[in-house]
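**Student:** Let me begin by handing over the structure; questions about it come next.
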Amino acid sequence: DSFLEFHGTPVFYFPYLSHTSPLVKRKSGFLAPKYFANSYLGSSIDIPYYIPINDYEDYTLVPKFNTDKNPTVFLEHRKNMRNSKIESEVSGTISDLNVNQKKKEKIRGHIKTSGTFNINKNLFADFQLHRVTDSNYLQAFRYGYEDTLKSNLRLMNFNQNNFLGIEFHSFQELRKNINKKATPRISPRIISRIGSDITFNSFNWETNIEYLTLTRDKGNDLSKIYVLQNFEKPFLFNDGSRLKFGGHLSAGFYKVDNYDDPIMGFQKTSFFRGKFYPQITVNYSKPMYKINKRSKQIIEPKFLIVGGSNDGNDLHLPNEDSRSYDLDFIDLFERNRLSGNDRLDNGTRIDYGLNYVNQNLKYGFITNISLGHSYRIKKDVYQPKNSGFNRKLSNLLGVVKIRPTDNLNFRSRISIDSKDFSFTQAITDISLGERKNRVFLSHLLSKSQEGIEATTLSKRNQINVGFENRLSKYWSFEGRSNFNLTNEIKFLNWDAKIKYQDECFGLSFSWNRQYTYNSESPTSNNFLFLFSLNK
């Protein structure tokens with residue numbers, strides 16, 4: 001029997017209302033509904049209901065009612081235990097599905113569950129199961145689309161410098177242009193690391209071992225055992241300079257089935273093959289600093305020499321873990337800059353670069369500029385085009401972070417072609433203004449990638465732009481948009497939100513327009529209205 005007043009004026013009468021407050025920690029009841037509409041589902045509304053079991057476990061039941069499709073049910077479960085936690089979600093409906101160009105009523109749904117377990121101080125386990133009945137369901141019914149669904153089980157043991165892990169992985173591929181039968185399964189993958197303490201002025205050693213079995217319904221299968229042995233001796237001098245000598249040995253033994261050999265031009269049914277590749281490294285860096293009343297400046301030149309032959313890669317062996325790569329400054333001073341060990345960053349090269357840091361001592365603002373380059377004696381023809389390091393001279397690499405004041409923040413990671421000085425890749429973020437009143441822009445530019453073994457990546461040119469504005473003491477407004485500029489302007493989404501919040505009352509209205517370019521999940525508008533009373 002109460003009235004809701006807004007600035008002293010009664011605007012709504014409540015015969016009875018129960019709502020949460022900061023004094024209520026966990027209470028069952030309805031949560032804020034969510035409405036959206038598109039041409040596939042029609043008008044659709046989610047009405048979530050929260051069910052706490054105890055202080056460590058709860059459920060959220062979310063029925064979705066659609067005017068053009070049957071309703072769906074979504075159930076989320078969360079549970080925290082003493083040294084572990086489990087999160088699960090499942091959904092389902094009966095809906096029409098195109099089967100052999102005919103629409104049939106099918107049971108459609110998904111399951112996603114994951115958990116982590118700290119068994120003791122050294123032993124850790126986790127798992128994830130993520131599966132869906134068909135490739136369009138998650139996107140069509142708004143349950144978080146992903147290109148590839150990943151399921152795994154891992155057991156890991158840590159003991160000082162030593163590590164042992166056992167993993168099982170499977171994948172469900174949802175992309176239309178990918179052969180589903182060629183999706184790999186990994187069962188098992190066993191990895192271990194044994195090493196000494198890392199200390200200056202003494203020999204350090206590390207042994208890495210990997211055993212892996214990979215199978216497919218269609219395509220090549222393989223089993224391999226791979227060993228990487230590292231010996232290093234680092235020195236730290238009184239002037240702060242660091243020098244490190246290293247010796248490295250990579251060795252692998254493979255059993256391969258059904259491999260389409262790109263050199264021989266035919267498929268090999270079953271064979272065994274090994275590889276053996278030694279390398280040496282010399283790494284040097286020297287920081288130099290200067291301090292005055294206003295700032296502290298550090299300049300650090302860095303050098304890495306990697307010595308090895310040019311026959312470290314064998315195309316008679318399949319490449320499962322090093323198929324796509326973009327060289328950037330973070331990777332530049334690594335001995336092997338590829339992601340796996342089926343292919344190696346072979347040959348002899350020298351990497352050189354400079355890191356500059358300027359810190360304002362009064363306000364703490366930091367400017368950081370890092371530039372680097374690489375030269376190899378013989379180019380690597382097997383690395384993909386536009387990867388940044390397939391020629392003798394690598395791309396010019398850089399990372400720039402500038403924050404001269406609280407109102408300006410600039411970050412950019414760039415890769416410039418050494419031949420024509422065009423941008424191979426540029427990822428830039430700019431923010432102007434304070435936290436509550438600012439405009440921001442993010443830009444991603446990346447050339448297409450293709451090569452003998454590389455996974456082909458198309459050209460990318462995307463912009464994300466938006467603003468946040470505090471209109472008054474209680475009102476705020478924000479909006480953003482993401483669009484593609486590769487060939488023409490192609491919008492991906494629009495977002496807008498207006499919000500009112502004072503010490504007693506709050507409301508917000510949000511709008512999202514999502515461009516999917518998918519007939520079963522067409523472009524849609526989503527609306528969210530939130531209303532709160534603060535006690």
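Ordering of the structure tokens sets the chain letters (A, B, ...); residue numbers start at 1 within each chain; ligands are numbered from 1 in the order shown.
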List the spatial neighbours of A:Leu485 as a PyMOL selection string - criterion: any atom at most 9 Å away, only C-alpha atoms, same-chain residues fewer than 6 positions off excluded.
**Tutor:** chain A and resi 460-463+491
**Student:** For stretch 168-171 of chain A, work out the shell of residues within 9 Å, counting only C-alpha atoms and skipping chain neighbours fewer than 3 positions away, then give it as an mmCIF file with C-alpha atoms, in the first residue's frame.
**Tutor:**
```cif
data_model
loop_
_atom_site.group_PDB
_atom_site.id
_atom_site.type_symbol
_atom_site.label_atom_id
_atom_site.label_comp_id
_atom_site.auth_asym_id
_atom_site.auth_seq_id
_atom_site.Cartn_x
_atom_site.Cartn_y
_atom_site.Cartn_z
ATOM 1 C CA HIS A 130 30.470 -28.046 -24.918
ATOM 2 C CA ARG A 131 28.210 -29.586 -27.571
ATOM 3 C CA THR A 148 34.395 -24.013 -32.607
ATOM 4 C CA LEU A 149 33.087 -25.715 -29.463
ATOM 5 C CA LYS A 150 35.839 -27.139 -27.270
ATOM 6 C CA SER A 151 35.625 -30.065 -24.864
ATOM 7 C CA ASN A 152 38.555 -31.202 -22.758
ATOM 8 C CA LEU A 153 39.732 -32.993 -19.647
ATOM 9 C CA ARG A 154 43.051 -32.075 -17.983
ATOM 10 C CA THR A 183 38.008 -32.018 -37.101
ATOM 11 C CA PRO A 184 40.731 -33.566 -34.897
ATOM 12 C CA ARG A 185 40.499 -35.434 -31.596
ATOM 13 C CA ILE A 186 43.464 -35.487 -29.227
ATOM 14 C CA SER A 187 43.556 -38.481 -26.919
ATOM 15 C CA PRO A 188 45.823 -38.257 -25.052
ATOM 16 C CA ARG A 189 48.361 -35.442 -24.888
#
```
**Student:** Please report, as a Markdown table, each residue of stretch 320-397 of chain A lying at most 9 Å from stretch 286-307 of chain A, together with the nearest pair of atoms and the separation in Å rounded to one decimal; use only C-alpha atoms, and order rows by chain and ascending residue number.
**Tutor:**
```
| residue | atom | partner | partner_atom | distance |
| --- | --- | --- | --- | --- |
| A:Phe333 | CA | A:Leu304 | CA | 6.2 |
| A:Glu334 | CA | A:Leu304 | CA | 8.4 |
| A:Arg335 | CA | A:Val306 | CA | 6.7 |
| A:Asn346 | CA | A:Gly307 | CA | 8.5 |
| A:Gly347 | CA | A:Gly307 | CA | 6.6 |
| A:Thr348 | CA | A:Gly307 | CA | 4.5 |
| A:Arg349 | CA | A:Val306 | CA | 5.4 |
| A:Ile350 | CA | A:Ile305 | CA | 4.5 |
| A:Asp351 | CA | A:Leu304 | CA | 5.0 |
| A:Tyr352 | CA | A:Phe303 | CA | 4.5 |
| A:Gly353 | CA | A:Lys302 | CA | 5.3 |
| A:Leu354 | CA | A:Pro301 | CA | 4.4 |
| A:Asn355 | CA | A:Glu300 | CA | 5.1 |
| A:Tyr356 | CA | A:Ile299 | CA | 4.6 |
| A:Val357 | CA | A:Ile298 | CA | 5.1 |
| A:Asn358 | CA | A:Gln297 | CA | 4.5 |
| A:Gln359 | CA | A:Lys296 | CA | 5.2 |
| A:Asn360 | CA | A:Ser295 | CA | 4.5 |
| A:Leu361 | CA | A:Ser295 | CA | 5.1 |
| A:Lys362 | CA | A:Arg294 | CA | 6.7 |
| A:Gly364 | CA | A:Ser295 | CA | 9.0 |
| A:Gly372 | CA | A:Lys302 | CA | 8.8 |
```
**Student:** Would you mind exporting the chosen residues as a short mmCIF file (atom, residue, chain, number, x, y, z; two decimals), in the first residue's frame, restricted to N, CA and C atoms?
**Tutor:**
```cif
data_model
loop_
_atom_site.label_atom_id
_atom_site.label_comp_id
_atom_site.auth_asym_id
_atom_site.auth_seq_id
_atom_site.Cartn_x
_atom_site.Cartn_y
_atom_site.Cartn_z
N PHE A 333 61.88 -11.77 -29.86
CA PHE A 333 63.11 -12.25 -29.24
C PHE A 333 62.96 -13.67 -28.67
N GLU A 334 62.04 -14.45 -29.25
CA GLU A 334 61.90 -15.85 -28.89
C GLU A 334 62.73 -16.71 -29.84
N ARG A 335 63.31 -17.79 -29.29
CA ARG A 335 64.09 -18.70 -30.15
C ARG A 335 63.19 -19.32 -31.22
N ASN A 346 63.40 -22.13 -38.19
CA ASN A 346 64.77 -22.59 -38.42
C ASN A 346 65.63 -21.54 -39.12
N GLY A 347 66.92 -21.89 -39.30
CA GLY A 347 67.86 -20.99 -39.94
C GLY A 347 68.60 -20.13 -38.93
N THR A 348 69.48 -19.27 -39.47
CA THR A 348 70.28 -18.36 -38.65
C THR A 348 69.76 -16.95 -38.83
N ARG A 349 69.59 -16.24 -37.71
CA ARG A 349 69.04 -14.89 -37.78
C ARG A 349 69.56 -14.07 -36.61
N ILE A 350 69.36 -12.76 -36.72
CA ILE A 350 69.64 -11.84 -35.62
C ILE A 350 68.44 -10.94 -35.43
N ASP A 351 67.98 -10.83 -34.18
CA ASP A 351 66.89 -9.94 -33.81
C ASP A 351 67.45 -8.76 -33.04
N TYR A 352 66.97 -7.57 -33.33
CA TYR A 352 67.47 -6.38 -32.64
C TYR A 352 66.32 -5.41 -32.44
N GLY A 353 66.37 -4.72 -31.31
CA GLY A 353 65.29 -3.80 -31.01
C GLY A 353 65.64 -2.86 -29.88
N LEU A 354 64.71 -1.96 -29.59
CA LEU A 354 64.93 -0.92 -28.59
C LEU A 354 63.63 -0.71 -27.82
N ASN A 355 63.75 -0.63 -26.50
CA ASN A 355 62.60 -0.36 -25.64
C ASN A 355 62.83 0.94 -24.90
N TYR A 356 61.86 1.87 -24.96
CA TYR A 356 61.99 3.18 -24.32
C TYR A 356 60.81 3.40 -23.38
N VAL A 357 61.09 3.82 -22.13
CA VAL A 357 60.07 4.08 -21.13
C VAL A 357 60.31 5.46 -20.53
N ASN A 358 59.25 6.27 -20.46
CA ASN A 358 59.32 7.59 -19.83
C ASN A 358 58.17 7.68 -18.83
N GLN A 359 58.51 7.84 -17.54
CA GLN A 359 57.50 7.90 -16.49
C GLN A 359 57.50 9.28 -15.84
N ASN A 360 56.33 9.91 -15.80
CA ASN A 360 56.16 11.18 -15.10
C ASN A 360 56.13 10.90 -13.60
N LEU A 361 57.10 11.41 -12.87
CA LEU A 361 57.23 11.10 -11.44
C LEU A 361 56.15 11.74 -10.60
N LYS A 362 55.55 12.83 -11.06
CA LYS A 362 54.53 13.51 -10.28
C LYS A 362 53.17 12.82 -10.40
N GLY A 364 52.65 9.82 -12.45
CA GLY A 364 52.76 8.41 -12.74
C GLY A 364 52.42 8.00 -14.16
N GLY A 372 61.39 -3.06 -33.11
CA GLY A 372 62.27 -4.19 -33.35
C GLY A 372 62.24 -4.65 -34.80
#
```
**Student:** Go through stretch 236-320 of chain A residue by residue and, counting only C-alpha atoms, keep those with an atom at most 10 Å from stretch 440-454 of chain A; for each kept residue give the shortest atom pair and its distance in Å to one decimal, ordered by chain and increasing number, as a Markdown table.
**Tutor:**
```
| residue | atom | partner | partner_atom | distance |
| --- | --- | --- | --- | --- |
| A:Pro262 | CA | A:Ile452 | CA | 8.7 |
| A:Leu315 | CA | A:Glu453 | CA | 9.1 |
| A:Pro318 | CA | A:Glu453 | CA | 9.1 |
| A:Asn319 | CA | A:Glu453 | CA | 7.4 |
| A:Glu320 | CA | A:Glu453 | CA | 9.6 |
```
**Student:** Would you mind telling me which residue in A:Lys497, A:Lys64, A:Arg26, A:Lys85 lies nearest to A:Arg142 when using only C-alpha atoms?
**Tutor:**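 Closest to A:Arg142, using only C-alpha atoms: A:Lys64.
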**Student:** Select, from A:Ile51, A:Val439, A:Ile366, A:Leu457, the residue with the minimum atom-to-atom distance to A:Asn386, counting only C-alpha atoms.
**Tutor:**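 Residue with the minimum atom-to-atom distance to A:Asn386: A:Leu457.
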**Student:** Write out as a ChimeraX atom specification the residues lying within 8 Å of stretch 400-409 of chain A, counting only C-alpha atoms and excluding same-chain residues fewer than 4 positions away.
**Tutor:** /A:365-370,413,429-434
**Student:** Rounded to one decimal, what separation in Å do you get between atom CA of A:Leu371 and atom CA of A:Thr424?
**Tutor:**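 Distance between the two atoms: 15.3 Å.
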**Student:** Counting only C-alpha atoms, which of A:Tyr13, A:Phe477, A:Tyr137, A:Tyr59 gets nearest to A:Gly92?
**Tutor:**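 Nearest to A:Gly92: A:Tyr137.
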**Student:** Restricting the calculation to only C-alpha atoms, which member of A:Thr116, A:Gln501, A:Asn341, A:Asn525 is positioned closest to A:Gly42?
**Tutor:** A:Asn525
**Student:** Distance atom CA of A:Pro522-atom CA of A:Ser43, one decimal place?
**Tutor:**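 Going from atom CA of A:Pro522 over to atom CA of A:Ser43 covers 12.9 Å.
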**Student:** Per DSSP on the backbone, what are the strand (DSSP E) residues of stretch 232-262 of chain A, as a list in words?
**Tutor:**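 So the strand (DSSP E) residues in stretch 232-262 of chain A would be Glu232, Lys233, Pro234, Phe235, Leu236, Arg242, Leu243, Lys244, Phe245, Gly246, Gly247, His248, Leu249, Ser250, Ala251, Gly252, Phe253, Tyr254, Lys255, Val256, Asp257, Asn258, Tyr259 and Asp260 of chain A.
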**Student:** Could the residues in this selection be written to a file with N, CA, C and O atoms, as a CSV table (one decimal), in the first residue's frame?
**Tutor:**
```
chain,number,residue,atom,x,y,z
A,232,GLU,N,71.3,-23.4,-20.7
A,232,GLU,CA,71.5,-21.9,-20.8
A,232,GLU,C,72.4,-21.5,-19.6
A,232,GLU,O,72.3,-22.1,-18.5
A,233,LYS,N,73.2,-20.5,-19.9
A,233,LYS,CA,74.0,-19.9,-18.8
A,233,LYS,C,73.9,-18.3,-18.9
A,233,LYS,O,74.4,-17.7,-19.8
A,234,PRO,N,73.1,-17.7,-18.0
A,234,PRO,CA,72.9,-16.3,-18.0
A,234,PRO,C,73.9,-15.6,-17.1
A,234,PRO,O,74.3,-16.1,-16.1
A,235,PHE,N,74.2,-14.4,-17.5
A,235,PHE,CA,75.1,-13.5,-16.7
A,235,PHE,C,74.5,-12.2,-16.5
A,235,PHE,O,73.9,-11.6,-17.3
A,236,LEU,N,74.6,-11.7,-15.2
A,236,LEU,CA,74.1,-10.3,-14.9
A,236,LEU,C,75.3,-9.5,-14.4
A,236,LEU,O,76.0,-9.9,-13.4
A,242,ARG,N,72.6,-7.8,-19.3
A,242,ARG,CA,72.4,-9.2,-19.2
A,242,ARG,C,72.9,-9.9,-20.5
A,242,ARG,O,72.6,-9.5,-21.6
A,243,LEU,N,73.6,-11.0,-20.3
A,243,LEU,CA,74.1,-11.8,-21.4
A,243,LEU,C,73.8,-13.3,-21.1
A,243,LEU,O,74.0,-13.8,-20.0
A,244,LYS,N,73.2,-14.0,-22.2
A,244,LYS,CA,72.9,-15.4,-22.0
A,244,LYS,C,73.3,-16.2,-23.2
A,244,LYS,O,73.0,-15.8,-24.3
A,245,PHE,N,74.0,-17.3,-22.9
A,245,PHE,CA,74.3,-18.3,-23.9
A,245,PHE,C,73.4,-19.5,-23.8
A,245,PHE,O,73.1,-19.9,-22.7
A,246,GLY,N,73.0,-20.0,-24.9
A,246,GLY,CA,72.1,-21.2,-24.9
A,246,GLY,C,72.4,-22.2,-25.9
A,246,GLY,O,72.8,-21.9,-27.0
A,247,GLY,N,72.2,-23.5,-25.6
A,247,GLY,CA,72.2,-24.6,-26.5
A,247,GLY,C,70.9,-25.3,-26.5
A,247,GLY,O,70.4,-25.6,-25.4
A,248,HIS,N,70.3,-25.7,-27.6
A,248,HIS,CA,69.0,-26.2,-27.7
A,248,HIS,C,69.0,-27.4,-28.7
A,248,HIS,O,69.6,-27.3,-29.8
A,249,LEU,N,68.2,-28.4,-28.3
A,249,LEU,CA,68.1,-29.6,-29.2
A,249,LEU,C,66.7,-30.0,-29.2
A,249,LEU,O,66.0,-30.3,-28.2
A,250,SER,N,66.1,-30.1,-30.5
A,250,SER,CA,64.8,-30.5,-30.7
A,250,SER,C,64.8,-31.9,-31.4
A,250,SER,O,65.5,-32.0,-32.4
A,251,ALA,N,64.0,-32.8,-30.9
A,251,ALA,CA,64.0,-34.2,-31.5
A,251,ALA,C,62.6,-34.7,-31.5
A,251,ALA,O,61.9,-34.6,-30.5
A,252,GLY,N,62.1,-35.3,-32.6
A,252,GLY,CA,60.8,-35.8,-32.6
A,252,GLY,C,60.7,-37.1,-33.4
A,252,GLY,O,61.5,-37.3,-34.4
A,253,PHE,N,59.8,-38.0,-33.0
A,253,PHE,CA,59.6,-39.2,-33.7
A,253,PHE,C,58.1,-39.4,-34.0
A,253,PHE,O,57.3,-39.3,-33.1
A,254,TYR,N,57.7,-39.6,-35.2
A,254,TYR,CA,56.3,-39.6,-35.7
A,254,TYR,C,55.9,-40.9,-36.3
A,254,TYR,O,56.7,-41.6,-37.0
A,255,LYS,N,54.6,-41.3,-36.0
A,255,LYS,CA,53.9,-42.3,-36.8
A,255,LYS,C,52.7,-41.6,-37.4
A,255,LYS,O,51.9,-41.0,-36.7
A,256,VAL,N,52.7,-41.7,-38.8
A,256,VAL,CA,51.7,-40.9,-39.5
A,256,VAL,C,50.9,-41.9,-40.4
A,256,VAL,O,51.4,-42.8,-41.0
A,257,ASP,N,49.6,-41.6,-40.5
A,257,ASP,CA,48.7,-42.4,-41.3
A,257,ASP,C,47.9,-41.5,-42.2
A,257,ASP,O,47.5,-40.4,-41.8
A,258,ASN,N,47.6,-41.9,-43.5
A,258,ASN,CA,46.8,-41.2,-44.4
A,258,ASN,C,47.1,-39.7,-44.6
A,258,ASN,O,46.3,-38.8,-44.6
A,259,TYR,N,48.4,-39.5,-44.9
A,259,TYR,CA,48.9,-38.2,-45.1
A,259,TYR,C,49.1,-37.9,-46.6
A,259,TYR,O,49.8,-38.6,-47.3
A,260,ASP,N,48.5,-36.7,-47.0
A,260,ASP,CA,48.7,-36.3,-48.4
A,260,ASP,C,50.0,-35.5,-48.5
A,260,ASP,O,50.0,-34.3,-48.2
```
